[in-house]
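A quick write-up on the structure given underneath.
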Amino acid sequence: MMATTHVLSGLVLAAAVATVEPAFAGVAAVAAIGGGLVPDLDVIASHRKTLHFPVYYSALAVPATLFALVAPSVATVGLAVFVCTAALHAVADWFGGGLELKPWQGESNRAVYSHYHGRWLEPRPLIGYDGSPGDLALAAVLSVPVLFVFDGAIRTVVVALLVVSIGYATLRKPVATVLERIAEGGAKFVGGRPPAGRTSDASDDREQRSGGGR
């Protein structure tokens with residue numbers, strides 16, 4: 001799933017909190033955005049492993065939610081929404097495409113890493129890969145209750161998320177193809193580079209013509 005879809009799923013939870021207790025609407029929305037984005041920050045390390053905890057987030061979500069219900073406050077509600085959204089994020093990635101440049105080809109057996117099991121969980125592509133038509137449709141559906149409940153800045157954020165989602169889904173396959181060609185070109189360049197200490201064929205020809213090759 002796209003990061004935008006993860007954020008929107010959390011904002012649906014925030015919308016439910018806002019409906020029940022409007023006083024916590026703001027903190028719930030901010031926590032949902034954070035919970036939807038933070039796991040994907042591991043893209044700079046080991047993506048879908050370093051900050052993805054499908055089991056641990058889910059286990060922590062239960063006491064965090066109970067604590068927020070028993071002693072509601074800005075801190076407890078914010079923590080509960082953040083953890084629940086992060087759990088949704090990690091679990092949803094399990095039901096998306098594999099961790100590969102072209103997940104629609106279904107060649108990867110890695111969806112998300114489970115630290116509890118000590119292994120990668122295989123994709124269960126019910127939702128579709130990130131940027132797929134199904135992913136975009138889900139993002140659009142999730143935005144409806146959020147737009148209905150929130151206004152102001154949060155509504156602006158939702159509209160921006162939808163715009164980004166549409167752009168990403170539109171460019172997903174073309175960009176993957178371009179990146180693949182760049183990677184292949186780089187590999188060919190490195191693989192075809194003359195060994196260290198030797199000149200290229202063109203340099204050898206020039207040297208022979210100048211008499212250096214005698």
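A note on labels: chains of the structure tokens are A, B, ... as shown, every chain counts residues from 1, and ligands are counted from 1 in their shown order.
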Set out as CSV a contact list for range 113-185 of chain A and range 90-99 of chain A with a cut-off of 6 Å, giving each residue of range 113-185 of chain A that qualifies its closest atom pair and distance in Å to one decimal, counting only C-alpha atoms, ordered by chain and rising residue number.
residue,atom,partner,partner_atom,distance
A:Pro123,CA,A:Trp94,CA,5.5
A:Arg124,CA,A:Phe95,CA,4.4
A:Pro125,CA,A:Gly96,CA,4.4
A:Leu126,CA,A:Phe95,CA,5.4
A:Ile127,CA,A:Gly96,CA,5.2
A:Gly128,CA,A:Gly96,CA,4.8
A:Tyr129,CA,A:Gly97,CA,4.0
Write a file of the selected residues as a CSV table (one decimal), in the first residue's frame, keeping C-alpha atoms.
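Contents of the output file result.csv:
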chain,number,residue,atom,x,y,z
A,123,PRO,CA,2.8,-11.5,0.3
A,124,ARG,CA,-0.9,-12.1,0.6
A,125,PRO,CA,-2.0,-9.7,-2.2
A,126,LEU,CA,-5.6,-9.0,-1.3
A,127,ILE,CA,-5.2,-5.2,-1.5
A,128,GLY,CA,-2.7,-5.0,-4.4
A,129,TYR,CA,0.7,-3.6,-4.7
Problem - Selected residue, from A:Ala71, A:Val178, A:Val77, A:Leu161, that lies nearest to Val17 in chain A when counting only C-alpha atoms - result: A:Val77
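Distances here use only C-alpha atoms; by that measure, the residue among A:Ile44, A:Ala153, A:Val81, A:Leu51 closest to Tyr113 in chain A is A:Leu51.
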Exercise for the section: Find the residues near range 19-25 of chain A: any atom within 12 Å, counting only C-alpha atoms, skip ones fewer than 3 places away on the same chain, and give them as a ChimeraX atom specification. Expected result: /A:11-16,28-32,68-69,72-81,145-146,148-151,154
Next, write the just-selected residues to a file, as a PDB file, in the first residue's frame, keeping N, CA and C atoms as the atom set.
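Just written: again-v9.pdb:
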ATOM      1  N   LEU A  11      -6.459   7.910   9.638  1.00  0.00           N
ATOM      2  CA  LEU A  11      -7.364   9.053   9.806  1.00  0.00           C
ATOM      3  C   LEU A  11      -8.823   8.602   9.921  1.00  0.00           C
ATOM      4  N   VAL A  12      -9.144   7.445   9.372  1.00  0.00           N
ATOM      5  CA  VAL A  12     -10.492   6.891   9.587  1.00  0.00           C
ATOM      6  C   VAL A  12     -10.678   6.569  11.061  1.00  0.00           C
ATOM      7  N   LEU A  13      -9.647   5.993  11.661  1.00  0.00           N
ATOM      8  CA  LEU A  13      -9.686   5.724  13.100  1.00  0.00           C
ATOM      9  C   LEU A  13      -9.789   7.029  13.880  1.00  0.00           C
ATOM     10  N   ALA A  14      -9.036   8.040  13.452  1.00  0.00           N
ATOM     11  CA  ALA A  14      -9.098   9.345  14.113  1.00  0.00           C
ATOM     12  C   ALA A  14     -10.486   9.955  13.971  1.00  0.00           C
ATOM     13  N   ALA A  15     -11.125   9.738  12.831  1.00  0.00           N
ATOM     14  CA  ALA A  15     -12.482  10.252  12.623  1.00  0.00           C
ATOM     15  C   ALA A  15     -13.461   9.603  13.596  1.00  0.00           C
ATOM     16  N   ALA A  16     -13.254   8.319  13.863  1.00  0.00           N
ATOM     17  CA  ALA A  16     -14.119   7.630  14.830  1.00  0.00           C
ATOM     18  C   ALA A  16     -13.920   8.219  16.220  1.00  0.00           C
ATOM     19  N   ALA A  28      -5.774  13.003  17.796  1.00  0.00           N
ATOM     20  CA  ALA A  28      -6.012  11.732  17.107  1.00  0.00           C
ATOM     21  C   ALA A  28      -5.578  11.829  15.650  1.00  0.00           C
ATOM     22  N   ALA A  29      -5.894  12.950  15.012  1.00  0.00           N
ATOM     23  CA  ALA A  29      -5.525  13.131  13.604  1.00  0.00           C
ATOM     24  C   ALA A  29      -4.009  13.187  13.431  1.00  0.00           C
ATOM     25  N   VAL A  30      -3.342  13.940  14.294  1.00  0.00           N
ATOM     26  CA  VAL A  30      -1.880  14.051  14.207  1.00  0.00           C
ATOM     27  C   VAL A  30      -1.225  12.689  14.463  1.00  0.00           C
ATOM     28  N   ALA A  31      -1.725  11.960  15.460  1.00  0.00           N
ATOM     29  CA  ALA A  31      -1.177  10.647  15.783  1.00  0.00           C
ATOM     30  C   ALA A  31      -1.402   9.664  14.634  1.00  0.00           C
ATOM     31  N   ALA A  32      -2.535   9.776  13.973  1.00  0.00           N
ATOM     32  CA  ALA A  32      -2.835   8.895  12.841  1.00  0.00           C
ATOM     33  C   ALA A  32      -1.876   9.149  11.686  1.00  0.00           C
ATOM     34  N   ALA A  68      -6.388   4.041  26.977  1.00  0.00           N
ATOM     35  CA  ALA A  68      -7.028   5.274  26.493  1.00  0.00           C
ATOM     36  C   ALA A  68      -8.506   5.302  26.847  1.00  0.00           C
ATOM     37  N   LEU A  69      -9.146   4.137  26.842  1.00  0.00           N
ATOM     38  CA  LEU A  69     -10.570   4.072  27.190  1.00  0.00           C
ATOM     39  C   LEU A  69     -10.794   4.291  28.684  1.00  0.00           C
ATOM     40  N   PRO A  72      -8.788   8.414  29.469  1.00  0.00           N
ATOM     41  CA  PRO A  72      -8.600   9.220  28.258  1.00  0.00           C
ATOM     42  C   PRO A  72      -7.907  10.553  28.534  1.00  0.00           C
ATOM     43  N   SER A  73      -6.895  10.834  27.752  1.00  0.00           N
ATOM     44  CA  SER A  73      -6.178  12.101  27.825  1.00  0.00           C
ATOM     45  C   SER A  73      -5.510  12.314  26.478  1.00  0.00           C
ATOM     46  N   VAL A  74      -4.932  13.486  26.313  1.00  0.00           N
ATOM     47  CA  VAL A  74      -4.230  13.751  25.054  1.00  0.00           C
ATOM     48  C   VAL A  74      -3.129  12.722  24.830  1.00  0.00           C
ATOM     49  N   ALA A  75      -2.400  12.394  25.882  1.00  0.00           N
ATOM     50  CA  ALA A  75      -1.281  11.457  25.765  1.00  0.00           C
ATOM     51  C   ALA A  75      -1.744  10.034  25.461  1.00  0.00           C
ATOM     52  N   THR A  76      -2.728   9.551  26.229  1.00  0.00           N
ATOM     53  CA  THR A  76      -3.155   8.158  26.056  1.00  0.00           C
ATOM     54  C   THR A  76      -3.884   7.950  24.730  1.00  0.00           C
ATOM     55  N   VAL A  77      -4.718   8.895  24.354  1.00  0.00           N
ATOM     56  CA  VAL A  77      -5.443   8.779  23.080  1.00  0.00           C
ATOM     57  C   VAL A  77      -4.467   8.886  21.908  1.00  0.00           C
ATOM     58  N   GLY A  78      -3.548   9.831  22.005  1.00  0.00           N
ATOM     59  CA  GLY A  78      -2.553   9.979  20.943  1.00  0.00           C
ATOM     60  C   GLY A  78      -1.716   8.724  20.775  1.00  0.00           C
ATOM     61  N   LEU A  79      -1.266   8.142  21.892  1.00  0.00           N
ATOM     62  CA  LEU A  79      -0.458   6.929  21.835  1.00  0.00           C
ATOM     63  C   LEU A  79      -1.258   5.774  21.228  1.00  0.00           C
ATOM     64  N   ALA A  80      -2.496   5.635  21.659  1.00  0.00           N
ATOM     65  CA  ALA A  80      -3.330   4.532  21.172  1.00  0.00           C
ATOM     66  C   ALA A  80      -3.556   4.634  19.666  1.00  0.00           C
ATOM     67  N   VAL A  81      -3.888   5.819  19.189  1.00  0.00           N
ATOM     68  CA  VAL A  81      -4.138   5.988  17.755  1.00  0.00           C
ATOM     69  C   VAL A  81      -2.855   5.770  16.961  1.00  0.00           C
ATOM     70  N   PRO A 145     -15.094   9.147   4.815  1.00  0.00           N
ATOM     71  CA  PRO A 145     -15.485   9.471   6.195  1.00  0.00           C
ATOM     72  C   PRO A 145     -14.604  10.542   6.831  1.00  0.00           C
ATOM     73  N   VAL A 146     -13.343  10.598   6.425  1.00  0.00           N
ATOM     74  CA  VAL A 146     -12.436  11.597   6.997  1.00  0.00           C
ATOM     75  C   VAL A 146     -12.855  12.998   6.541  1.00  0.00           C
ATOM     76  N   PHE A 148     -15.772  13.848   5.718  1.00  0.00           N
ATOM     77  CA  PHE A 148     -17.079  14.119   6.311  1.00  0.00           C
ATOM     78  C   PHE A 148     -16.951  14.620   7.748  1.00  0.00           C
ATOM     79  N   VAL A 149     -15.988  14.082   8.489  1.00  0.00           N
ATOM     80  CA  VAL A 149     -15.837  14.413   9.914  1.00  0.00           C
ATOM     81  C   VAL A 149     -14.979  15.650  10.133  1.00  0.00           C
ATOM     82  N   PHE A 150     -13.856  15.731   9.410  1.00  0.00           N
ATOM     83  CA  PHE A 150     -12.906  16.811   9.641  1.00  0.00           C
ATOM     84  C   PHE A 150     -13.099  17.954   8.643  1.00  0.00           C
ATOM     85  N   ASP A 151     -12.619  19.108   9.061  1.00  0.00           N
ATOM     86  CA  ASP A 151     -12.584  20.249   8.143  1.00  0.00           C
ATOM     87  C   ASP A 151     -11.242  20.959   8.351  1.00  0.00           C
ATOM     88  N   ILE A 154      -7.027  19.452   8.378  1.00  0.00           N
ATOM     89  CA  ILE A 154      -7.054  18.012   8.131  1.00  0.00           C
ATOM     90  C   ILE A 154      -7.710  17.717   6.793  1.00  0.00           C
TER      91      ILE A 154
END
